[in-house]
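Heads up: the structure comes next, in structure tokens.
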Amino acid sequence: MSGYVEGILVLLAINVVFAYGAFLPIAAGQLNLGIAGFAAIGGYVSAFLSNNATVPVPVAILVGGLAAAMVALAVAVPVLRTRGIYLALATFALGEIVRAAILNIELVGGAAGYPVVAFIRFPTIAVFAAGVAVVVWLLFATRFGIAITAVHDDERVADLMGLNVRAFQVAAFALGAGFAGIGGGLYAHHFSYVEAQYFGITLSISIVLFVLFGGTQSVLGPLLGATVFTLLPELLRGSAQWRYVFFASIVILVMVLRPQGLVTGVRMPRLFRDHRERARTRRAV
């Protein structure tokens, strides 16, 4: 495998992990624009552990993901009290707070960035990406996935059915942050360097676009969206400086024709659909 091909596949695998990190909160009806901040937490924590505590890289990456999930769990209750654009602004601010804090921590290099001694190649990253995809798929094959779907489609009906809406939203938010932290750890240990400037709003928006483009109604959506956004610019490389014009035009065309994303499907069980329709009928009366 050439270095160029391996580099593209590495970016694809990391983007898939990031995409599933954003997919879980979106599946619960939350738009997290601070996902890059949690990726930064995972990247820096895992890099520090592998550099200074001689922790094996896979373990360090998992611990970094756990650290990101713990931070998300701590801030989820106040942040998730907001809705809509206010939630997006709150999560954006949260991501910027994390980035600004890292820039002022000299222990991990501050604004100069943080070199990472350990190095991992594509096979290790691919195993992590496949593992994240399988975990998300298994989650949505359980009652947890059914509950998340119900919360996304109609919080009021989900509450009437006896679901703890806030608990499931917090769980989705924290799990998504944990996956983003794993992606940050993979990035840090492959590129042997991590800097806070990379984990800005641009990265958060790109990750959210992976999910919106691929589709928010299926666990295949983030995988497909990350694949298109990673590979299509490379396939258009022959058009030189025009490739991003062509790429943006293709994205706009697809979103016009498929506003729900490339992969669509109904994930809500009939039981919840029936209760939702009855609740809407009662409110109309």
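Simple scheme: letters A, B, ... for chains in structure tokens order, numbers from 1 for residues in each chain, numbers from 1 for ligands in the order shown.
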
Checklist entry - Out of stretch 136-210 of chain A, which residues get helix (DSSP H, G or I) from DSSP, as a PyMOL selection string? => result chain A and resi 136-139+143-153+155-160+165-191+196-198+201-210

Per residue of stretch 95-159 of chain A within 10 Å of stretch 80-91 of chain A, record the nearest atom pair and its distance in Å to one decimal, counting only C-alpha atoms, with rows in chain order and ascending residue number, as a tab-separated table.
residue	atom	partner	partner_atom	distance
A:Gly95	CA	A:Thr91	CA	6.2
A:Glu96	CA	A:Thr91	CA	8.6
A:Ile97	CA	A:Thr91	CA	9.7

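The shell of residues at most 9 Å from A:Thr227, with only C-alpha atoms counted and near chain neighbours (fewer than 6 positions) removed, consists of Leu12, Ala13, Asn15, Val16, Phe210 and Gly214 of chain A.
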
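Between atom CA of A:Gly185 and atom CA of A:Gly42 there is a distance of 5.4 Å.
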
Checklist entry - Neighbours of stretch 66-74 of chain A within 7 Å (only C-alpha atoms; same-chain residues fewer than 6 positions away dropped), as a ChimeraX atom specification? => result /A:38,41-42,170,173-175,177-178,181

Residues from the last selection, N, CA and C atoms, saved as an mmCIF file, in the first residue's frame:
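Printed below is again.cif as written:
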data_model
loop_
_atom_site.group_PDB
_atom_site.id
_atom_site.type_symbol
_atom_site.label_atom_id
_atom_site.label_comp_id
_atom_site.auth_asym_id
_atom_site.auth_seq_id
_atom_site.Cartn_x
_atom_site.Cartn_y
_atom_site.Cartn_z
ATOM 1 N N PHE A 38 -14.389 17.924 22.291
ATOM 2 C CA PHE A 38 -14.267 16.614 22.930
ATOM 3 C C PHE A 38 -13.198 15.765 22.235
ATOM 4 N N ILE A 41 -9.984 16.865 23.762
ATOM 5 C CA ILE A 41 -9.763 16.269 25.087
ATOM 6 C C ILE A 41 -9.212 14.854 24.949
ATOM 7 N N GLY A 42 -9.838 14.057 24.099
ATOM 8 C CA GLY A 42 -9.368 12.691 23.896
ATOM 9 C C GLY A 42 -7.962 12.645 23.327
ATOM 10 N N VAL A 170 -28.748 12.839 27.681
ATOM 11 C CA VAL A 170 -27.429 12.947 28.314
ATOM 12 C C VAL A 170 -26.546 11.767 27.914
ATOM 13 N N PHE A 173 -25.364 12.231 24.346
ATOM 14 C CA PHE A 173 -24.379 13.312 24.305
ATOM 15 C C PHE A 173 -23.020 12.819 24.808
ATOM 16 N N ALA A 174 -23.017 12.104 25.937
ATOM 17 C CA ALA A 174 -21.762 11.625 26.516
ATOM 18 C C ALA A 174 -21.115 10.539 25.661
ATOM 19 N N LEU A 175 -21.921 9.609 25.144
ATOM 20 C CA LEU A 175 -21.365 8.560 24.286
ATOM 21 C C LEU A 175 -20.762 9.151 23.013
ATOM 22 N N ALA A 177 -19.528 12.144 22.663
ATOM 23 C CA ALA A 177 -18.284 12.808 23.049
ATOM 24 C C ALA A 177 -17.165 11.784 23.244
ATOM 25 N N GLY A 178 -17.511 10.623 23.824
ATOM 26 C CA GLY A 178 -16.504 9.580 24.009
ATOM 27 C C GLY A 178 -15.942 9.078 22.694
ATOM 28 N N GLY A 181 -13.647 11.628 21.331
ATOM 29 C CA GLY A 181 -12.371 11.570 22.026
ATOM 30 C C GLY A 181 -11.481 10.452 21.510
#

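The protein and nucleic acid residues lying at most 8 Å from A:Pro233 are A:Arg243, A:Tyr244, A:Phe247, with only C-alpha atoms considered and sequence neighbours fewer than 6 positions away removed.
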
Next on the checklist: According to DSSP computed on the backbone, where in stretch 24-266 of chain A is there strand (DSSP E or B)? Give the residues as a list of chain:residue names.
Outcome noted: A:Tyr114, A:Pro115, A:Tyr193, A:Val194

Could you turn the residues from that selection into a file that holds C-alpha atoms, as a PDB file, in the first residue's frame?
ATOM      1  CA  TYR A 114       2.208  18.700  21.778  1.00  0.00           C
ATOM      2  CA  PRO A 115       4.502  16.109  20.112  1.00  0.00           C
ATOM      3  CA  TYR A 193       1.516  15.739  16.918  1.00  0.00           C
ATOM      4  CA  VAL A 194      -1.574  17.403  18.287  1.00  0.00           C
TER       5      VAL A 194
END

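When only C-alpha atoms are used to measure the gap to A:Leu107, the shortest distance among A:Ala226, A:Val45, A:Ile252, A:Leu163 belongs to A:Val45.
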
Can I get the residues of stretch 147-260 of chain A within 12 Å of stretch 52-61 of chain A, each with the closest pair of atoms and their distance in Å to one decimal, using only C-alpha atoms, sorted chain first then ascending number, as a Markdown table?
| residue | atom | partner | partner_atom | distance |
| --- | --- | --- | --- | --- |
| A:Gly178 | CA | A:Ile61 | CA | 10.3 |
| A:Phe179 | CA | A:Ile61 | CA | 10.2 |
| A:Ala180 | CA | A:Ile61 | CA | 10.8 |
| A:Gly181 | CA | A:Ile61 | CA | 7.9 |
| A:Ile182 | CA | A:Ile61 | CA | 5.7 |
| A:Gly183 | CA | A:Ile61 | CA | 8.4 |
| A:Gly184 | CA | A:Ile61 | CA | 8.3 |
| A:Gly185 | CA | A:Ile61 | CA | 5.0 |
| A:Leu186 | CA | A:Ile61 | CA | 6.9 |
| A:Tyr187 | CA | A:Ile61 | CA | 9.9 |
| A:Ala188 | CA | A:Ile61 | CA | 9.4 |
| A:His189 | CA | A:Val57 | CA | 7.9 |
| A:His190 | CA | A:Val57 | CA | 10.7 |

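The residue that comes closest to A:Ala39, out of A:Ser204, A:Thr149, A:Ser249, A:Asn104 and on the basis of only C-alpha atoms, is A:Ser204.
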
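Straight-line separation from atom CA of A:Val116 to atom CA of A:Leu24: 29.0 Å.
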
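Shortest separation to A:Ile8 among A:Ile201, A:Val251, A:Val117, A:Ala126 occurs at residue A:Ala126, atoms counted being only C-alpha atoms.
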
Checklist entry - Pick from A:Ala100, A:Val17, A:Val254, A:Ala112: nearest to A:Gly131, with only C-alpha atoms counted? => result A:Val17

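From atom CA of A:Ile205 back to atom CA of A:Ala130, the distance works out to 23.0 Å.
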
Item to check | Selection: 10 Å around A:Pro259, only C-alpha atoms, excl. self and same-chain fewer than 5 positions, as a ChimeraX atom specification | outcome: /A:212-213,215,252-254,264

Next on the checklist: At a cut-off of 10 Å, using only C-alpha atoms, what residues contact stretch 141-145 of chain A? Leave out same-chain residues fewer than 6 positions from it and give the result as number ranges by chain.
Outcome noted: A: 24, 27-28, 135, 151, 168, 171-172, 267-268
